[in-house]
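Participant: Shown below is the structure under consideration.
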Amino acid sequence: MPGQKIQKSLIKFTLNGEQTEVAFAPHKTLLEVVREDLGLTGTKHGCELGECGVCTVLADGQPVLSCLFLGLDAEGREVTTIEGMAEGGLLHPLQETFADLGAAQCGYCTPAFLLVAKELLERNVNASREEIKEALAGNLCRCTGYIKIYEAVELAAARMRGEEVEPAREILYGIDGEAIEKR
């Protein structure tokens, strides 16, 4: 409408380790602020109802659904998106193992899985398969059967513990013909 003033809110917070200041319409979610106002498109739009987990980011180290988190609530917080996961030009061990094992198929849900797994392994680098499944349960993937994702998290955890491990051949290539014949 002519003459109507557009209201914007200004907040300051830490985004991926850097102090950030952004002005935006106060009704926007953190998902919209990160993608539309700050241009970081690694965080994905999914259901926008808090059901799929694809929009997950870390706020003060904890996974949050950015589609349900108001941008205003980021004031003074530390927010990490997938763009902030690598450090010093080096991929995080989770990013490496997801790539090594083919844990990402189309990749749409991958940023959220990586951030949730990062929080889990920072809290418990010895997480069991069941604990990994439980932590990742809020993230949906339409492309995989989740096994490669669980294996990638387990391999990253082992590497983060300082173990020199490589994935089993079967994880990378499946069961080879010789193994099938022995059955």
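The chains in the structure tokens are called A, B, ... from first to last as shown; in each chain the residues are counted from 1, and the ligands are counted from 1 in the order shown.
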Would you mind writing down, as a PyMOL selection string, each residue of range 16-119 of chain A that DSSP on the backbone assigns to strand (DSSP E)?
Facilitator: chain A and resi 18-24+56-59+62-65+78-80
Participant: Selected residues, C-alpha atoms, written as a CSV table (one decimal), in the first residue's frame, please.
Facilitator:
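Result file result.csv:
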```csv
chain,number,residue,atom,x,y,z
A,18,GLU,CA,31.4,-14.6,12.4
A,19,GLN,CA,29.5,-11.7,14.0
A,20,THR,CA,26.6,-11.0,11.8
A,21,GLU,CA,24.0,-8.2,11.7
A,22,VAL,CA,20.9,-8.5,9.5
A,23,ALA,CA,17.7,-6.6,9.1
A,24,PHE,CA,14.5,-8.5,8.0
A,56,THR,CA,18.0,-28.2,10.8
A,57,VAL,CA,20.7,-25.8,11.9
A,58,LEU,CA,22.6,-25.6,15.2
A,59,ALA,CA,21.7,-22.8,17.6
A,62,GLN,CA,21.8,-27.7,19.6
A,63,PRO,CA,19.8,-28.8,16.6
A,64,VAL,CA,16.8,-26.6,15.9
A,65,LEU,CA,14.3,-26.7,13.1
A,78,GLU,CA,25.6,-18.7,17.9
A,79,VAL,CA,24.1,-20.3,14.7
A,80,THR,CA,25.9,-22.9,12.6
```
Participant: List as a ChimeraX atom specification the protein and nucleic acid residues near Leu136 in chain A, meaning an atom at most 12 Å away when only C-alpha atoms are counted, but skip any in the same chain fewer than 4 places from it.
Facilitator: /A:52-54,56,63,109-110,112-121,127,129-132,140-141,146-147,149-150,153
Participant: Save out the residues we just selected, N, CA and C atoms, as a compact mmCIF listing (two decimals), in the first residue's frame.
Facilitator:
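As a result, again_20.txt now contains:
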```txt
# COMPACT_ATOMS: atom_id res chain seq x y z
N CYS A 52 10.05 -32.84 8.79
CA CYS A 52 11.05 -33.57 8.00
C CYS A 52 12.49 -33.38 8.48
N GLY A 53 12.78 -32.30 9.18
CA GLY A 53 14.12 -32.06 9.69
C GLY A 53 15.11 -31.50 8.69
N VAL A 54 14.72 -31.31 7.45
CA VAL A 54 15.66 -30.90 6.40
C VAL A 54 16.21 -29.49 6.62
N THR A 56 17.27 -28.27 9.51
CA THR A 56 17.99 -28.22 10.78
C THR A 56 19.28 -27.41 10.69
N PRO A 63 20.63 -28.80 17.82
CA PRO A 63 19.84 -28.83 16.59
C PRO A 63 18.48 -28.15 16.80
N CYS A 109 18.77 -33.60 1.89
CA CYS A 109 18.66 -33.73 3.34
C CYS A 109 20.03 -33.76 4.03
N THR A 110 21.09 -33.89 3.27
CA THR A 110 22.42 -34.11 3.83
C THR A 110 22.88 -33.02 4.79
N ALA A 112 21.32 -31.24 6.93
CA ALA A 112 20.67 -31.43 8.24
C ALA A 112 21.21 -32.67 8.93
N PHE A 113 21.37 -33.78 8.21
CA PHE A 113 21.94 -34.98 8.80
C PHE A 113 23.34 -34.70 9.34
N LEU A 114 24.15 -33.99 8.58
CA LEU A 114 25.51 -33.69 9.01
C LEU A 114 25.54 -32.86 10.29
N LEU A 115 24.68 -31.85 10.38
CA LEU A 115 24.68 -31.00 11.57
C LEU A 115 24.17 -31.73 12.80
N VAL A 116 23.14 -32.55 12.63
CA VAL A 116 22.64 -33.33 13.78
C VAL A 116 23.70 -34.33 14.22
N ALA A 117 24.35 -34.99 13.28
CA ALA A 117 25.40 -35.96 13.62
C ALA A 117 26.59 -35.26 14.28
N LYS A 118 26.91 -34.06 13.83
CA LYS A 118 28.00 -33.28 14.45
C LYS A 118 27.71 -33.04 15.92
N GLU A 119 26.49 -32.59 16.21
CA GLU A 119 26.12 -32.34 17.60
C GLU A 119 26.20 -33.63 18.41
N LEU A 120 25.71 -34.73 17.86
CA LEU A 120 25.76 -36.01 18.56
C LEU A 120 27.19 -36.40 18.89
N LEU A 121 28.08 -36.35 17.90
CA LEU A 121 29.46 -36.80 18.12
C LEU A 121 30.24 -35.85 19.01
N ALA A 127 29.04 -42.97 20.37
CA ALA A 127 27.62 -43.30 20.20
C ALA A 127 27.45 -44.65 19.52
N ARG A 129 25.10 -47.57 17.44
CA ARG A 129 24.22 -47.49 16.27
C ARG A 129 22.81 -47.05 16.70
N GLU A 130 22.34 -47.57 17.83
CA GLU A 130 21.01 -47.19 18.31
C GLU A 130 20.95 -45.71 18.68
N GLU A 131 22.01 -45.19 19.30
CA GLU A 131 22.05 -43.77 19.66
C GLU A 131 22.11 -42.90 18.40
N ILE A 132 22.82 -43.37 17.40
CA ILE A 132 22.88 -42.64 16.13
C ILE A 132 21.50 -42.61 15.49
N LEU A 140 14.38 -36.85 7.81
CA LEU A 140 13.87 -37.79 6.82
C LEU A 140 14.65 -37.69 5.51
N CYS A 141 14.83 -38.84 4.88
CA CYS A 141 15.49 -38.92 3.59
C CYS A 141 14.61 -39.77 2.69
N TYR A 146 19.07 -45.34 4.80
CA TYR A 146 19.71 -44.84 6.02
C TYR A 146 20.97 -45.59 6.42
N ILE A 147 21.19 -46.81 5.95
CA ILE A 147 22.33 -47.61 6.39
C ILE A 147 23.64 -46.90 6.10
N ILE A 149 24.17 -43.78 5.83
CA ILE A 149 24.27 -42.63 6.71
C ILE A 149 24.78 -43.07 8.08
N TYR A 150 24.21 -44.14 8.62
CA TYR A 150 24.66 -44.64 9.92
C TYR A 150 26.12 -45.06 9.85
N VAL A 153 28.42 -42.03 9.88
CA VAL A 153 28.54 -41.43 11.22
C VAL A 153 29.46 -42.29 12.08
```
Participant: Name the closest residue to Ala103 in chain A among the candidates A:Glu51, A:Glu154, A:Asp37, A:Glu166; distances are taken between atoms, counting only C-alpha atoms.
Facilitator: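 Under the stated criterion, the closest residue is A:Glu154.
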Participant: Listing only residues of range 37-145 of chain A within 8 Å of range 12-16 of chain A, what is the closest atom pair and its distance in Å (to one decimal) for each, using only C-alpha atoms, sorted by chain and residue number ascending, as a Markdown table?
Facilitator:
```
| residue | atom | partner | partner_atom | distance |
| --- | --- | --- | --- | --- |
| A:Ala74 | CA | A:Phe13 | CA | 6.4 |
| A:Glu75 | CA | A:Phe13 | CA | 5.3 |
| A:Gly76 | CA | A:Phe13 | CA | 4.6 |
| A:Arg77 | CA | A:Phe13 | CA | 5.3 |
| A:Glu78 | CA | A:Thr14 | CA | 4.6 |
| A:Val79 | CA | A:Leu15 | CA | 4.9 |
| A:Thr80 | CA | A:Asn16 | CA | 4.8 |
| A:Thr81 | CA | A:Asn16 | CA | 6.5 |
| A:Glu83 | CA | A:Asn16 | CA | 7.2 |
| A:Gly84 | CA | A:Asn16 | CA | 4.5 |
| A:Met85 | CA | A:Asn16 | CA | 7.7 |
```
Participant: Kindly export the residues of the current selection with all heavy atoms, as a tab-separated table (two decimals), in the first residue's frame.
Facilitator:
```
chain	number	residue	atom	x	y	z
A	74	ALA	N	17.20	-15.64	17.10
A	74	ALA	CA	18.63	-15.86	16.90
A	74	ALA	C	19.47	-14.75	17.53
A	74	ALA	O	20.70	-14.90	17.65
A	74	ALA	CB	18.95	-15.97	15.41
A	75	GLU	N	18.84	-13.67	17.95
A	75	GLU	CA	19.54	-12.55	18.57
A	75	GLU	C	20.50	-13.03	19.65
A	75	GLU	O	20.10	-13.75	20.58
A	75	GLU	CB	18.53	-11.56	19.17
A	75	GLU	CG	19.15	-10.44	19.98
A	75	GLU	CD	19.82	-9.37	19.13
A	75	GLU	OE1	19.24	-8.97	18.12
A	75	GLU	OE2	20.93	-8.95	19.49
A	76	GLY	N	21.78	-12.68	19.52
A	76	GLY	CA	22.79	-13.00	20.52
A	76	GLY	C	23.23	-14.45	20.54
A	76	GLY	O	24.08	-14.82	21.35
A	77	ARG	N	22.69	-15.28	19.69
A	77	ARG	CA	23.03	-16.70	19.69
A	77	ARG	C	24.14	-17.01	18.70
A	77	ARG	O	24.50	-16.18	17.86
A	77	ARG	CB	21.80	-17.54	19.32
A	77	ARG	CG	20.73	-17.49	20.38
A	77	ARG	CD	19.62	-18.41	20.01
A	77	ARG	NE	18.61	-18.41	21.04
A	77	ARG	CZ	18.10	-19.50	21.57
A	77	ARG	NH1	18.50	-20.69	21.16
A	77	ARG	NH2	17.18	-19.42	22.49
A	78	GLU	N	24.63	-18.23	18.81
A	78	GLU	CA	25.62	-18.75	17.87
A	78	GLU	C	24.90	-19.76	16.98
A	78	GLU	O	24.42	-20.79	17.47
A	78	GLU	CB	26.77	-19.41	18.62
A	78	GLU	CG	27.88	-19.84	17.71
A	78	GLU	CD	29.10	-20.30	18.47
A	78	GLU	OE1	29.42	-19.70	19.52
A	78	GLU	OE2	29.72	-21.28	18.02
A	79	VAL	N	24.81	-19.45	15.69
A	79	VAL	CA	24.11	-20.31	14.74
A	79	VAL	C	25.13	-20.91	13.77
A	79	VAL	O	25.99	-20.20	13.26
A	79	VAL	CB	23.03	-19.52	13.97
A	79	VAL	CG1	22.39	-20.37	12.89
A	79	VAL	CG2	21.97	-18.98	14.94
A	80	THR	N	25.00	-22.21	13.56
A	80	THR	CA	25.86	-22.90	12.59
A	80	THR	C	25.00	-23.53	11.52
A	80	THR	O	24.06	-24.27	11.83
A	80	THR	CB	26.71	-23.99	13.28
A	80	THR	OG1	27.46	-23.40	14.34
A	80	THR	CG2	27.66	-24.65	12.29
A	81	THR	N	25.32	-23.21	10.28
A	81	THR	CA	24.69	-23.86	9.13
A	81	THR	C	25.74	-24.77	8.50
A	81	THR	O	26.90	-24.77	8.90
A	81	THR	CB	24.22	-22.82	8.09
A	81	THR	OG1	25.37	-22.17	7.54
A	81	THR	CG2	23.28	-21.79	8.71
A	83	GLU	N	27.28	-24.39	5.88
A	83	GLU	CA	28.40	-23.60	5.35
A	83	GLU	C	29.48	-23.37	6.39
A	83	GLU	O	30.62	-23.08	6.04
A	83	GLU	CB	27.89	-22.25	4.83
A	83	GLU	CG	27.06	-22.34	3.57
A	83	GLU	CD	25.57	-22.54	3.81
A	83	GLU	OE1	25.17	-22.77	4.98
A	83	GLU	OE2	24.80	-22.47	2.84
A	84	GLY	N	29.16	-23.52	7.67
A	84	GLY	CA	30.14	-23.30	8.73
A	84	GLY	C	30.71	-24.57	9.32
A	84	GLY	O	31.42	-24.53	10.32
A	85	MET	N	30.41	-25.71	8.72
A	85	MET	CA	30.85	-26.98	9.30
A	85	MET	C	32.32	-27.26	9.04
A	85	MET	O	33.03	-27.75	9.92
A	85	MET	CB	29.99	-28.12	8.79
A	85	MET	CG	30.14	-29.38	9.60
A	85	MET	SD	28.80	-30.50	9.25
A	85	MET	CE	29.43	-31.97	10.01
```
Participant: Please identify all polymer residues within 10 Å of Lys148 in chain A, counting only C-alpha atoms, omitting same-chain residues fewer than 2 positions from it, and present them as a list in words.
Facilitator: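 After dropping sequence-adjacent residues, the list is Thr97, Phe98, Leu101, Gly102, Ala103, Ala104, Gln105, Thr144, Gly145, Tyr146, Tyr150, Glu151, Ala152, Val153, Glu154, Ile171 and Leu172 of chain A.
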Participant: Check range 112-182 of chain A with DSSP on the backbone and list each residue it calls alpha helix (DSSP H), as JSON, numbers by chain.
Facilitator: {"A": [112, 113, 114, 115, 116, 117, 118, 119, 120, 121, 122, 123, 129, 130, 131, 132, 133, 134, 135, 136, 147, 148, 149, 150, 151, 152, 153, 154, 155, 156, 157, 158, 159, 160, 169, 170, 171, 172, 173, 177, 178, 179, 180, 181]}
Participant: Write the residues of the selection above to a file with C-alpha atoms, as a PDB file, in the first residue's frame.
Facilitator:
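File written: part-v8.pdb
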```
ATOM      1  CA  ALA A 112      20.672 -31.433   8.239  1.00  0.00           C
ATOM      2  CA  PHE A 113      21.942 -34.984   8.796  1.00  0.00           C
ATOM      3  CA  LEU A 114      25.513 -33.685   9.009  1.00  0.00           C
ATOM      4  CA  LEU A 115      24.677 -30.996  11.567  1.00  0.00           C
ATOM      5  CA  VAL A 116      22.640 -33.328  13.776  1.00  0.00           C
ATOM      6  CA  ALA A 117      25.397 -35.959  13.619  1.00  0.00           C
ATOM      7  CA  LYS A 118      27.997 -33.281  14.447  1.00  0.00           C
ATOM      8  CA  GLU A 119      26.118 -32.340  17.602  1.00  0.00           C
ATOM      9  CA  LEU A 120      25.757 -36.012  18.559  1.00  0.00           C
ATOM     10  CA  LEU A 121      29.457 -36.800  18.122  1.00  0.00           C
ATOM     11  CA  GLU A 122      30.518 -33.670  19.993  1.00  0.00           C
ATOM     12  CA  ARG A 123      28.367 -34.875  22.863  1.00  0.00           C
ATOM     13  CA  ARG A 129      24.215 -47.488  16.270  1.00  0.00           C
ATOM     14  CA  GLU A 130      21.009 -47.190  18.306  1.00  0.00           C
ATOM     15  CA  GLU A 131      22.049 -43.774  19.660  1.00  0.00           C
ATOM     16  CA  ILE A 132      22.885 -42.637  16.125  1.00  0.00           C
ATOM     17  CA  LYS A 133      19.493 -43.837  14.877  1.00  0.00           C
ATOM     18  CA  GLU A 134      17.734 -42.041  17.719  1.00  0.00           C
ATOM     19  CA  ALA A 135      19.629 -38.779  17.150  1.00  0.00           C
ATOM     20  CA  LEU A 136      18.911 -38.824  13.416  1.00  0.00           C
ATOM     21  CA  ILE A 147      22.334 -47.606   6.393  1.00  0.00           C
ATOM     22  CA  LYS A 148      25.066 -45.661   4.569  1.00  0.00           C
ATOM     23  CA  ILE A 149      24.267 -42.628   6.714  1.00  0.00           C
ATOM     24  CA  TYR A 150      24.657 -44.644   9.923  1.00  0.00           C
ATOM     25  CA  GLU A 151      27.890 -46.197   8.638  1.00  0.00           C
ATOM     26  CA  ALA A 152      29.271 -42.768   7.721  1.00  0.00           C
ATOM     27  CA  VAL A 153      28.539 -41.433  11.215  1.00  0.00           C
ATOM     28  CA  GLU A 154      30.173 -44.508  12.790  1.00  0.00           C
ATOM     29  CA  LEU A 155      33.276 -44.144  10.601  1.00  0.00           C
ATOM     30  CA  ALA A 156      33.544 -40.417  11.367  1.00  0.00           C
ATOM     31  CA  ALA A 157      33.240 -41.165  15.095  1.00  0.00           C
ATOM     32  CA  ALA A 158      36.069 -43.698  14.886  1.00  0.00           C
ATOM     33  CA  ARG A 159      38.261 -41.180  13.055  1.00  0.00           C
ATOM     34  CA  MET A 160      37.366 -38.471  15.589  1.00  0.00           C
ATOM     35  CA  ARG A 169      35.227 -53.155   1.178  1.00  0.00           C
ATOM     36  CA  GLU A 170      31.630 -54.355   1.448  1.00  0.00           C
ATOM     37  CA  ILE A 171      30.499 -50.935   2.642  1.00  0.00           C
ATOM     38  CA  LEU A 172      32.010 -49.292  -0.422  1.00  0.00           C
ATOM     39  CA  TYR A 173      31.251 -51.861  -3.100  1.00  0.00           C
ATOM     40  CA  GLY A 177      30.661 -62.068  -6.544  1.00  0.00           C
ATOM     41  CA  GLU A 178      33.098 -64.398  -4.750  1.00  0.00           C
ATOM     42  CA  ALA A 179      31.332 -63.871  -1.427  1.00  0.00           C
ATOM     43  CA  ILE A 180      27.966 -64.599  -3.020  1.00  0.00           C
ATOM     44  CA  GLU A 181      29.250 -67.894  -4.469  1.00  0.00           C
TER      45      GLU A 181
END
```
Participant: Residues at most 8 Å from Leu70 in chain A, counting only C-alpha atoms, excluding those fewer than 4 positions away in the same chain, as an MDAnalysis selection string?
Facilitator: chainID A and resid 27:30 66 74
Participant: Save the residues we just selected, all heavy atoms, as a compact mmCIF listing (two decimals), in the first residue's frame?
Facilitator:
```
# COMPACT_ATOMS: atom_id res chain seq x y z
N HIS A 27 8.43 -11.23 11.00
CA HIS A 27 7.68 -12.49 10.94
C HIS A 27 8.49 -13.63 10.33
O HIS A 27 8.06 -14.77 10.37
CB HIS A 27 6.40 -12.30 10.12
CG HIS A 27 6.66 -12.02 8.68
ND1 HIS A 27 6.87 -10.74 8.22
CD2 HIS A 27 6.76 -12.85 7.61
CE1 HIS A 27 7.09 -10.80 6.91
NE2 HIS A 27 7.03 -12.06 6.52
N LYS A 28 9.68 -13.34 9.80
CA LYS A 28 10.45 -14.37 9.11
C LYS A 28 11.04 -15.40 10.07
O LYS A 28 11.46 -15.08 11.18
CB LYS A 28 11.60 -13.74 8.31
CG LYS A 28 11.17 -13.11 7.03
CD LYS A 28 12.38 -12.72 6.21
CE LYS A 28 12.00 -12.37 4.80
NZ LYS A 28 13.20 -12.16 3.98
N THR A 29 11.11 -16.63 9.57
CA THR A 29 11.76 -17.70 10.33
C THR A 29 13.27 -17.61 10.12
O THR A 29 13.74 -16.95 9.18
CB THR A 29 11.28 -19.08 9.86
OG1 THR A 29 11.68 -19.26 8.50
CG2 THR A 29 9.77 -19.24 10.02
N LEU A 30 14.00 -18.30 10.95
CA LEU A 30 15.45 -18.35 10.78
C LEU A 30 15.80 -18.95 9.43
O LEU A 30 16.75 -18.51 8.77
CB LEU A 30 16.10 -19.14 11.92
CG LEU A 30 17.62 -19.23 11.90
CD1 LEU A 30 18.27 -17.85 11.91
CD2 LEU A 30 18.12 -20.07 13.07
N SER A 66 14.87 -24.80 11.76
CA SER A 66 14.88 -23.37 11.44
C SER A 66 13.57 -22.90 10.82
O SER A 66 13.31 -21.70 10.81
CB SER A 66 16.06 -23.03 10.55
OG SER A 66 15.97 -23.66 9.28
N ALA A 74 17.20 -15.64 17.10
CA ALA A 74 18.63 -15.86 16.90
C ALA A 74 19.47 -14.75 17.53
O ALA A 74 20.70 -14.90 17.65
CB ALA A 74 18.95 -15.97 15.41
```
Participant: Counting only C-alpha atoms, which residue out of A:Cys106, A:Asp73, A:Pro93, A:Gly50 sits closest to Asn139 in chain A?
Facilitator: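 Checking each candidate against Asn139 in chain A, we get A:Gly50 as the closest.
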Participant: By how many Å are CA of Gly61 in chain A and CA of Gly88 in chain A apart?
Facilitator: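 Interatomic distance, CA of Gly61 in chain A to CA of Gly88 in chain A: 19.0 Å.
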Participant: What gap, in Å, lies between CA of Leu94 in chain A and CA of Gly162 in chain A?
Facilitator: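 Separation of CA of Leu94 in chain A and CA of Gly162 in chain A: 13.7 Å.
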Participant: So which one's closest to Arg161 in chain A, A:Ala137, A:Leu68, A:Asn124, A:Glu87? Using only C-alpha atoms, please.
Facilitator: A:Asn124
